Amino acid sequence: MSAGTTGPPDGGAPGNGAEVMPLWAYTEKAYLDYSMYVINDRALPHIGDGLKPVQRRIVYAMSELGLSAAAKFAKSARTVGDVLGKFHPHGDSACYEAMVLMAQPFSFRYPLIEGQGNWGAPDDPKSFAAMRYTESRLSRFAELLLSEVDQGTVDFAPNFDGTIDEPELLPARVPLVLLNGSTGIAVGMATDVLPHNLREVASACIRLLDEPRASARDLMDHVRGPDFPTEAIIVTPPEELLETYETGRGSVRARARHVVENGEIVITALPYQVSPARVLEQVAEQMQARKLPMLVDLRDESDHETPTRLVLVPRSNRVDVERLMSHLFASTDLERSYRVNFNVIGLDQKPKVLGLVEMLSEWLEFRRETVRRRLTFRLERIDDRLHLLDGLLIAYRNLDEVIRIIREEDEPRARLIERFGLTSAQAVAILDLRLRQLARLEETRLQEERASLGAEREDLTRTLGSRARMKTLIKRELTEDAETYGDDRRSELVGAAPARAFTAEDLISNEPVTVILSEKGWVRSAKGHGLDPESLSYRSGDAFGAAARGRTSDTLLFFDSTGRAYSVAAHELPSSRGQGEPLTGRLNPPEGARFVAPFLATADATVLLASDAGYGFIARVGDMATKNRAGKAALNVPETGTALAPSAASGRSRIAAATDQGRLLVFPAADVPVLTRGKGNKLIDIPARIYRAGEERMVGAVAIAETDHLIVRAGARHLRLRFRDLAAYLGERGRRGRKLPRGFQRVESLEVQGRPEPPVTSAGK
């Protein structure tokens, strides 16, 4: 069937009475129906009671089970079973999770459920036990939702199978939509209402009742801002909060509360919905990544009496605590921003975004209607009772005749109605009297009750007929409820400068460090120079490659086999406690290139660069540095050749170069040119024909000072030559050099030992 063509849904002949519509129209209608269901019946709270349908059904089901705040705890599985079986035919896990949320004091500002057992923890709110293990009952605060539910205040509707009725809303005595807040994602919209303080919100409602034209700025004299379940500090400026309350959209920033005790930083409160374990993990990750050199330790000293106590130990008392905390606020969950979107279901059953004034005004309209229905319901009950009392008093005034009629007449109810002009209800009430209620004192009690009800009826009638009296009643009830169920603000509002993370320059310290590079190109660093790099553990199939020693403030260069130089900050490297990270995650070397060695020195220091073709030059370290991930071309290397490990040249007076055929040449360092890039000059002579054939290559070129020793390695053997021993190998730069002693005809590498320490390389590198 082509698009837009109509026909019967089942493929049969049209005209059988079924509605026929195009497929696109059916799809659109189905999606819109689903969207409205999600919006109204699942994701968004109602402005009246501030609850989503599943929350409302849980609270009502618990009240029907008699699980009040004074009752014994009952298994949560019993409540969930009642909710699913009677009101909410959905998954039990989702229902139980909604129930848990209402019982967690770190999730709800005013929990509606009191739990026994494991109901989760701030570290992991979803670590609660299964519903067959936990027990629950309604909290005392839930009375504000249920105390008037049976007084005609709300409409009831059939449940999903039409067997029983359930309330469409609960008659909230306070604006719960603002108190506990709510989050939800619907179709095409979402809601984010933050929790607030009951006393402040009630005070704002009273102000709005007295001054219906009050602005958001006026109401902020009472509602100063959100009030989270935790005691974190709100640092959003008042101007931003005002804009948020005026428009119903915005954001709020909260940060942890901390104090300094004996030189240690103690965090005593975290922002709303922040896990202490996650904060410690974030700080530990930065410490491991060398991004917090001013911290030496962190501890979690939280316990039952002190739910939040995280301790950060600075390196010394000279650490700027406020600057450190500013960095942590900017880089961890110690400061969090919360989105505000006051999107709720209004009294017209439509979703809308409301500002603070509009939200409280609409809730007060809901409350007026609730109180009116409650008073009307009570007035009707009083009228019914007065009607019965009138009949009972007639009976007491004619007691002997009433007794005779009851004893002698076959139809006493009809006879009573005929004899005394009673209604059927009055006659039934008389017939239901017990003998002991016929005493004269009982008549006195009935007369007193009639007088009391008459006075109450008059008061109710006057209240229902007067807006001023109705307003006074609502204000009095709000004040009483705020005093009974409210508490002091937890989240203090303070002015604070925006958090600022440390820059790379802030973190650089002047400490000894050893940088280790593996054969496969994995890099890490260790404090100090006493570490043996070859003793570390390496990944399977990997091994120690090279190392460089220096200070964290030095320039760190990596050279690859193609002669390119790369810059990396030494303090950003991972710790040697792990196995490091691949350099290719930070740098982009050419395809097929491998990293040969790191080099760590000051920017003014010089380094000897050489290729295995026997050419090289001396370069300034600062000229090699670059921020480009692809590196910087430094040494020109033949197509089939490779760059060798660099050697420190500063303060060295001689250069030693050796080939794999056992030839060693030593010459003055002054004979080597200083360049910024290029091929360099010939250091040791390797005939081109022999080099191209791969028969001989230079395996190392190092600069040596008078205090250094030269180590020549050939397999498992090594030859140690002191500076004065090198005189036997002195010659002009670019010569073939002299043969080393027997047993060193297959030289693998050259190393220098002395001060300052050069890069450490393994055999063959």
# chains A, B, ... in the order shown; residues from 1 in each chain; ligands from 1
>>> select_by_dssp(residues="stretch 457-534 of chain A", states="strand (DSSP E or B)", output="ChimeraX atom specification")
/A:493,512-518,522-527
>>> closest_atom_pairs(of="stretch 350-444 of chain A", to="stretch 459-476 of chain A", cutoff="8 Å", atoms="only C-alpha atoms", output="CSV")
residue,atom,partner,partner_atom,distance
A:Arg367,CA,A:Ile474,CA,7.9
A:Arg368,CA,A:Ile474,CA,7.5
A:Val371,CA,A:Ile474,CA,7.8
A:Arg372,CA,A:Leu464,CA,6.8
A:Leu375,CA,A:Leu460,CA,6.5
A:Thr376,CA,A:Leu464,CA,7.8
A:Leu379,CA,A:Leu460,CA,6.7
>>> write_last_selection(atoms="N, CA and C atoms", output="short mmCIF file (atom, residue, chain, number, x, y, z; two decimals), in the first residue's frame")
data_model
loop_
_atom_site.label_atom_id
_atom_site.label_comp_id
_atom_site.auth_asym_id
_atom_site.auth_seq_id
_atom_site.Cartn_x
_atom_site.Cartn_y
_atom_site.Cartn_z
N ARG A 367 -4.23 24.38 47.20
CA ARG A 367 -4.47 24.26 48.63
C ARG A 367 -5.80 24.88 49.02
N ARG A 368 -6.16 26.01 48.42
CA ARG A 368 -7.47 26.63 48.71
C ARG A 368 -8.60 25.67 48.37
N VAL A 371 -8.66 22.81 50.91
CA VAL A 371 -9.25 23.21 52.18
C VAL A 371 -10.75 23.43 52.02
N ARG A 372 -11.17 24.02 50.90
CA ARG A 372 -12.61 24.23 50.68
C ARG A 372 -13.34 22.89 50.66
N LEU A 375 -13.47 21.45 54.21
CA LEU A 375 -14.48 22.12 55.05
C LEU A 375 -15.89 21.76 54.60
N THR A 376 -16.10 21.69 53.30
CA THR A 376 -17.42 21.30 52.79
C THR A 376 -17.77 19.89 53.21
N LEU A 379 -18.64 19.96 56.79
CA LEU A 379 -19.95 20.58 56.97
C LEU A 379 -21.07 19.60 56.64
#
>>> atom_distance(atom1="atom CA of A:Arg381", atom2="atom CA of A:Thr153")
13.6 Å
>>> atom_distance(atom1="atom CA of A:Glu732", atom2="atom CA of A:Leu665")
8.2 Å
>>> residues_around(residues="A:Ser275", least_positions_apart="6", cutoff="7 Å", atoms="only C-alpha atoms", output="PyMOL selection string")
chain A and resi 122-124
>>> select_by_dssp(residues="stretch 165-411 of chain A", states="helix (DSSP H, G or I)", output="VMD selection string")
chain A and resid 176 to 179 198 to 210 216 to 219 238 to 247 276 to 288 321 to 331 356 to 397 399 to 408
>>> atom_distance(atom1="atom CA of A:Ser491", atom2="atom CA of A:Thr230")
6.8 Å
>>> residues_around(residues="stretch 147-151 of chain A", least_positions_apart="4", cutoff="12 Å", atoms="only C-alpha atoms", output="CSV table (one decimal) with N, CA and C atoms, in the first residue's frame")
chain,number,residue,atom,x,y,z
A,49,ASP,N,0.7,17.6,44.8
A,49,ASP,CA,1.4,16.9,45.9
A,49,ASP,C,2.9,16.7,45.6
A,56,ARG,N,3.2,8.3,44.5
A,56,ARG,CA,1.9,8.5,45.1
A,56,ARG,C,1.2,7.2,45.4
A,59,VAL,N,2.9,5.6,48.6
A,59,VAL,CA,2.5,6.2,49.8
A,59,VAL,C,1.1,5.8,50.2
A,60,TYR,N,0.2,5.8,49.2
A,60,TYR,CA,-1.2,5.5,49.5
A,60,TYR,C,-1.4,4.0,49.8
A,63,SER,N,-0.4,3.5,53.4
A,63,SER,CA,-1.4,4.0,54.3
A,63,SER,C,-2.6,3.0,54.4
A,64,GLU,N,-2.9,2.4,53.3
A,64,GLU,CA,-4.0,1.5,53.3
A,64,GLU,C,-3.6,0.2,54.0
A,68,SER,N,1.6,3.3,59.2
A,68,SER,CA,1.8,4.7,59.6
A,68,SER,C,3.1,4.8,60.4
A,140,ARG,N,6.9,10.2,59.7
A,140,ARG,CA,6.0,11.1,60.3
A,140,ARG,C,5.6,12.2,59.3
A,141,PHE,N,6.6,12.6,58.4
A,141,PHE,CA,6.4,13.7,57.5
A,141,PHE,C,5.3,13.3,56.5
A,142,ALA,N,5.1,12.0,56.2
A,142,ALA,CA,4.1,11.6,55.2
A,142,ALA,C,2.6,11.9,55.7
A,143,GLU,N,2.5,12.3,57.0
A,143,GLU,CA,1.2,12.7,57.5
A,143,GLU,C,0.7,13.9,56.7
A,155,ASP,N,-10.2,13.7,44.3
A,155,ASP,CA,-11.0,12.8,43.5
A,155,ASP,C,-10.4,11.4,43.5
A,156,PHE,N,-11.2,10.4,43.5
A,156,PHE,CA,-10.8,9.0,43.3
A,156,PHE,C,-11.2,8.6,41.9
A,166,GLU,N,-8.5,4.7,43.5
A,166,GLU,CA,-7.2,5.2,44.1
A,166,GLU,C,-7.3,6.8,43.9
A,167,PRO,N,-6.7,7.5,44.8
A,167,PRO,CA,-6.7,9.0,44.7
A,167,PRO,C,-5.9,9.5,43.4
A,168,GLU,N,-6.5,10.4,42.7
A,168,GLU,CA,-5.8,11.0,41.6
A,168,GLU,C,-4.6,11.9,42.1
A,169,LEU,N,-4.8,12.5,43.2
A,169,LEU,CA,-3.7,13.3,43.9
A,169,LEU,C,-3.8,13.0,45.4
A,170,LEU,N,-2.8,13.4,46.1
A,170,LEU,CA,-2.8,13.4,47.6
A,170,LEU,C,-2.9,14.8,48.1
A,171,PRO,N,-3.7,15.1,49.1
A,171,PRO,CA,-4.0,16.4,49.6
A,171,PRO,C,-2.8,17.0,50.4
A,172,ALA,N,-1.8,17.4,49.7
A,172,ALA,CA,-0.6,17.9,50.4
A,172,ALA,C,-0.9,19.2,51.2
A,173,ARG,N,-0.5,19.2,52.4
A,173,ARG,CA,-0.7,20.4,53.3
A,173,ARG,C,0.4,21.4,53.1
A,174,VAL,N,1.5,21.0,52.4
A,174,VAL,CA,2.7,21.9,52.1
A,174,VAL,C,3.1,21.7,50.7
A,367,ARG,N,-4.2,24.4,47.2
A,367,ARG,CA,-4.5,24.3,48.6
A,367,ARG,C,-5.8,24.9,49.0
A,370,THR,N,-8.4,22.4,48.1
A,370,THR,CA,-8.3,21.3,49.0
A,370,THR,C,-9.0,21.6,50.4
A,371,VAL,N,-8.7,22.8,50.9
A,371,VAL,CA,-9.3,23.2,52.2
A,371,VAL,C,-10.8,23.4,52.0
A,372,ARG,N,-11.2,24.0,50.9
A,372,ARG,CA,-12.6,24.2,50.7
A,372,ARG,C,-13.3,22.9,50.7
A,373,ARG,N,-12.8,21.9,50.0
A,373,ARG,CA,-13.4,20.6,49.9
A,373,ARG,C,-13.4,19.9,51.3
A,374,ARG,N,-12.4,20.1,52.0
A,374,ARG,CA,-12.3,19.5,53.4
A,374,ARG,C,-13.3,20.1,54.3
A,375,LEU,N,-13.5,21.5,54.2
A,375,LEU,CA,-14.5,22.1,55.1
A,375,LEU,C,-15.9,21.8,54.6
A,376,THR,N,-16.1,21.7,53.3
A,376,THR,CA,-17.4,21.3,52.8
A,376,THR,C,-17.8,19.9,53.2
A,377,PHE,N,-16.8,19.0,53.1
A,377,PHE,CA,-17.0,17.6,53.5
A,377,PHE,C,-17.4,17.6,55.0
A,378,ARG,N,-16.6,18.3,55.8
A,378,ARG,CA,-16.9,18.3,57.3
A,378,ARG,C,-18.3,18.9,57.5
A,379,LEU,N,-18.6,20.0,56.8
A,379,LEU,CA,-19.9,20.6,57.0
A,379,LEU,C,-21.1,19.6,56.6
A,380,GLU,N,-20.9,18.8,55.6
A,380,GLU,CA,-21.9,17.8,55.2
A,380,GLU,C,-22.0,16.8,56.3
A,381,ARG,N,-20.9,16.4,56.9
A,381,ARG,CA,-20.9,15.3,58.0
A,381,ARG,C,-21.6,15.9,59.2
A,481,ASP,N,2.3,23.6,60.5
A,481,ASP,CA,3.0,22.4,59.9
A,481,ASP,C,4.5,22.7,59.8
>>> residues_around(residues="A:Pro195", least_positions_apart="5", cutoff="9 Å", atoms="only C-alpha atoms", output="ChimeraX atom specification")
/A:108-110,177-182,226-229
>>> write_last_selection(atoms="C-alpha atoms", output="short mmCIF file (atom, residue, chain, number, x, y, z; two decimals), in the first residue's frame")
data_model
loop_
_atom_site.label_atom_id
_atom_site.label_comp_id
_atom_site.auth_asym_id
_atom_site.auth_seq_id
_atom_site.Cartn_x
_atom_site.Cartn_y
_atom_site.Cartn_z
CA PHE A 108 15.13 13.19 49.93
CA ARG A 109 15.28 16.36 52.01
CA TYR A 110 12.20 15.15 53.90
CA VAL A 177 6.93 19.82 44.87
CA LEU A 178 9.62 22.23 46.10
CA LEU A 179 10.59 20.51 49.32
CA ASN A 180 11.96 17.19 48.09
CA GLY A 181 12.52 18.22 44.51
CA SER A 182 12.24 15.87 41.56
CA PRO A 226 17.76 25.44 47.49
CA ASP A 227 18.38 23.49 50.68
CA PHE A 228 20.04 20.15 50.00
CA PRO A 229 19.96 17.14 52.34
#
>>> residues_around(residues="A:Ala277", least_positions_apart="4", cutoff="12 Å", atoms="only C-alpha atoms", output="PDB file with N, CA and C atoms, in the first residue's frame")
ATOM      1  N   ALA A 121      23.672   3.726  50.596  1.00  0.00           N
ATOM      2  CA  ALA A 121      24.574   4.657  51.265  1.00  0.00           C
ATOM      3  C   ALA A 121      24.982   5.744  50.283  1.00  0.00           C
ATOM      4  N   PRO A 122      25.465   6.883  50.790  1.00  0.00           N
ATOM      5  CA  PRO A 122      25.893   7.949  49.872  1.00  0.00           C
ATOM      6  C   PRO A 122      26.956   7.496  48.882  1.00  0.00           C
ATOM      7  N   ASP A 123      27.816   6.544  49.291  1.00  0.00           N
ATOM      8  CA  ASP A 123      28.832   6.023  48.368  1.00  0.00           C
ATOM      9  C   ASP A 123      28.196   5.340  47.167  1.00  0.00           C
ATOM     10  N   ASP A 124      27.123   4.622  47.409  1.00  0.00           N
ATOM     11  CA  ASP A 124      26.439   3.888  46.344  1.00  0.00           C
ATOM     12  C   ASP A 124      24.954   3.822  46.683  1.00  0.00           C
ATOM     13  N   PRO A 125      24.172   4.803  46.236  1.00  0.00           N
ATOM     14  CA  PRO A 125      22.747   4.828  46.598  1.00  0.00           C
ATOM     15  C   PRO A 125      21.978   3.591  46.158  1.00  0.00           C
ATOM     16  N   LEU A 270      29.655  17.001  51.750  1.00  0.00           N
ATOM     17  CA  LEU A 270      29.800  16.929  50.301  1.00  0.00           C
ATOM     18  C   LEU A 270      28.555  17.465  49.617  1.00  0.00           C
ATOM     19  N   GLN A 273      24.165  14.325  46.372  1.00  0.00           N
ATOM     20  CA  GLN A 273      24.298  13.175  45.473  1.00  0.00           C
ATOM     21  C   GLN A 273      25.738  12.934  45.020  1.00  0.00           C
ATOM     22  N   GLU A 281      38.523   8.758  44.866  1.00  0.00           N
ATOM     23  CA  GLU A 281      39.080   8.183  43.644  1.00  0.00           C
ATOM     24  C   GLU A 281      39.592   9.276  42.709  1.00  0.00           C
ATOM     25  N   GLN A 282      38.831  10.358  42.579  1.00  0.00           N
ATOM     26  CA  GLN A 282      39.260  11.447  41.700  1.00  0.00           C
ATOM     27  C   GLN A 282      40.538  12.104  42.218  1.00  0.00           C
ATOM     28  N   VAL A 283      40.616  12.317  43.536  1.00  0.00           N
ATOM     29  CA  VAL A 283      41.821  12.930  44.103  1.00  0.00           C
ATOM     30  C   VAL A 283      43.005  11.976  43.953  1.00  0.00           C
ATOM     31  N   ALA A 284      42.773  10.693  44.213  1.00  0.00           N
ATOM     32  CA  ALA A 284      43.856   9.718  44.098  1.00  0.00           C
ATOM     33  C   ALA A 284      44.368   9.626  42.664  1.00  0.00           C
ATOM     34  N   LEU A 298      45.666  10.805  51.626  1.00  0.00           N
ATOM     35  CA  LEU A 298      44.249  11.089  51.830  1.00  0.00           C
ATOM     36  C   LEU A 298      43.641   9.894  52.541  1.00  0.00           C
ATOM     37  N   ARG A 299      42.665  10.173  53.400  1.00  0.00           N
ATOM     38  CA  ARG A 299      42.046   9.117  54.214  1.00  0.00           C
ATOM     39  C   ARG A 299      40.537   9.342  54.279  1.00  0.00           C
ATOM     40  N   ASP A 300      39.822   8.250  54.451  1.00  0.00           N
ATOM     41  CA  ASP A 300      38.382   8.314  54.687  1.00  0.00           C
ATOM     42  C   ASP A 300      38.135   7.898  56.130  1.00  0.00           C
ATOM     43  N   GLU A 301      37.820   8.867  56.972  1.00  0.00           N
ATOM     44  CA  GLU A 301      37.583   8.603  58.392  1.00  0.00           C
ATOM     45  C   GLU A 301      36.097   8.681  58.731  1.00  0.00           C
ATOM     46  N   SER A 302      35.246   8.503  57.731  1.00  0.00           N
ATOM     47  CA  SER A 302      33.802   8.557  57.957  1.00  0.00           C
ATOM     48  C   SER A 302      33.371   7.355  58.795  1.00  0.00           C
ATOM     49  N   THR A 308      30.431  11.974  57.090  1.00  0.00           N
ATOM     50  CA  THR A 308      31.370  12.478  56.084  1.00  0.00           C
ATOM     51  C   THR A 308      32.580  13.089  56.783  1.00  0.00           C
ATOM     52  N   ARG A 309      33.717  12.449  56.576  1.00  0.00           N
ATOM     53  CA  ARG A 309      34.981  12.982  57.102  1.00  0.00           C
ATOM     54  C   ARG A 309      36.115  12.468  56.213  1.00  0.00           C
ATOM     55  N   LEU A 310      36.460  13.267  55.214  1.00  0.00           N
ATOM     56  CA  LEU A 310      37.541  12.937  54.296  1.00  0.00           C
ATOM     57  C   LEU A 310      38.735  13.823  54.637  1.00  0.00           C
ATOM     58  N   THR A 332      37.158  18.144  40.630  1.00  0.00           N
ATOM     59  CA  THR A 332      36.527  16.957  41.208  1.00  0.00           C
ATOM     60  C   THR A 332      35.073  17.277  41.550  1.00  0.00           C
ATOM     61  N   ASP A 333      34.394  16.262  42.083  1.00  0.00           N
ATOM     62  CA  ASP A 333      32.999  16.437  42.477  1.00  0.00           C
ATOM     63  C   ASP A 333      32.848  17.152  43.816  1.00  0.00           C
ATOM     64  N   LEU A 334      33.933  17.701  44.349  1.00  0.00           N
ATOM     65  CA  LEU A 334      33.794  18.521  45.550  1.00  0.00           C
ATOM     66  C   LEU A 334      32.994  19.783  45.259  1.00  0.00           C
TER      67      LEU A 334
END
>>> residues_around(residues="A:Ala395", least_positions_apart="2", cutoff="10 Å", atoms="only C-alpha atoms", output="PDB file with C-alpha atoms, in the first residue's frame")
ATOM      1  CA  LEU A 389     -29.276  14.193  66.746  1.00  0.00           C
ATOM      2  CA  ASP A 390     -32.595  15.949  66.119  1.00  0.00           C
ATOM      3  CA  GLY A 391     -34.233  12.549  65.713  1.00  0.00           C
ATOM      4  CA  LEU A 392     -32.564  11.088  68.783  1.00  0.00           C
ATOM      5  CA  LEU A 393     -33.613  14.048  70.945  1.00  0.00           C
ATOM      6  CA  ARG A 397     -38.455  13.470  74.763  1.00  0.00           C
ATOM      7  CA  ASN A 398     -41.001  10.703  73.929  1.00  0.00           C
ATOM      8  CA  LEU A 399     -39.113   7.782  75.334  1.00  0.00           C
ATOM      9  CA  ASP A 400     -42.107   5.787  76.673  1.00  0.00           C
ATOM     10  CA  GLU A 401     -43.985   6.055  73.375  1.00  0.00           C
ATOM     11  CA  VAL A 402     -40.888   5.076  71.397  1.00  0.00           C
ATOM     12  CA  ILE A 403     -40.377   2.008  73.595  1.00  0.00           C
ATOM     13  CA  LEU A 416     -41.857   5.949  64.169  1.00  0.00           C
ATOM     14  CA  PHE A 420     -43.025  11.665  65.010  1.00  0.00           C
ATOM     15  CA  LEU A 422     -38.951  11.449  61.300  1.00  0.00           C
ATOM     16  CA  GLN A 426     -33.473   9.203  61.991  1.00  0.00           C
ATOM     17  CA  ALA A 427     -35.734   6.221  62.562  1.00  0.00           C
ATOM     18  CA  ILE A 430     -33.350   5.411  67.063  1.00  0.00           C
ATOM     19  CA  LEU A 431     -33.760   1.683  66.455  1.00  0.00           C
ATOM     20  CA  LEU A 438     -31.438   5.490  77.205  1.00  0.00           C
ATOM     21  CA  GLU A 443     -29.691  12.884  76.552  1.00  0.00           C
TER      22      GLU A 443
END
>>> closest_atom_pairs(of="stretch 283-302 of chain A", to="stretch 571-577 of chain A", cutoff="9 Å", atoms="only C-alpha atoms", output="CSV")
residue,atom,partner,partner_atom,distance
A:Gln288,CA,A:Ser575,CA,5.9
A:Ala289,CA,A:Pro574,CA,5.0
A:Arg290,CA,A:His571,CA,5.5
A:Lys291,CA,A:Glu572,CA,6.8
A:Pro293,CA,A:His571,CA,8.9
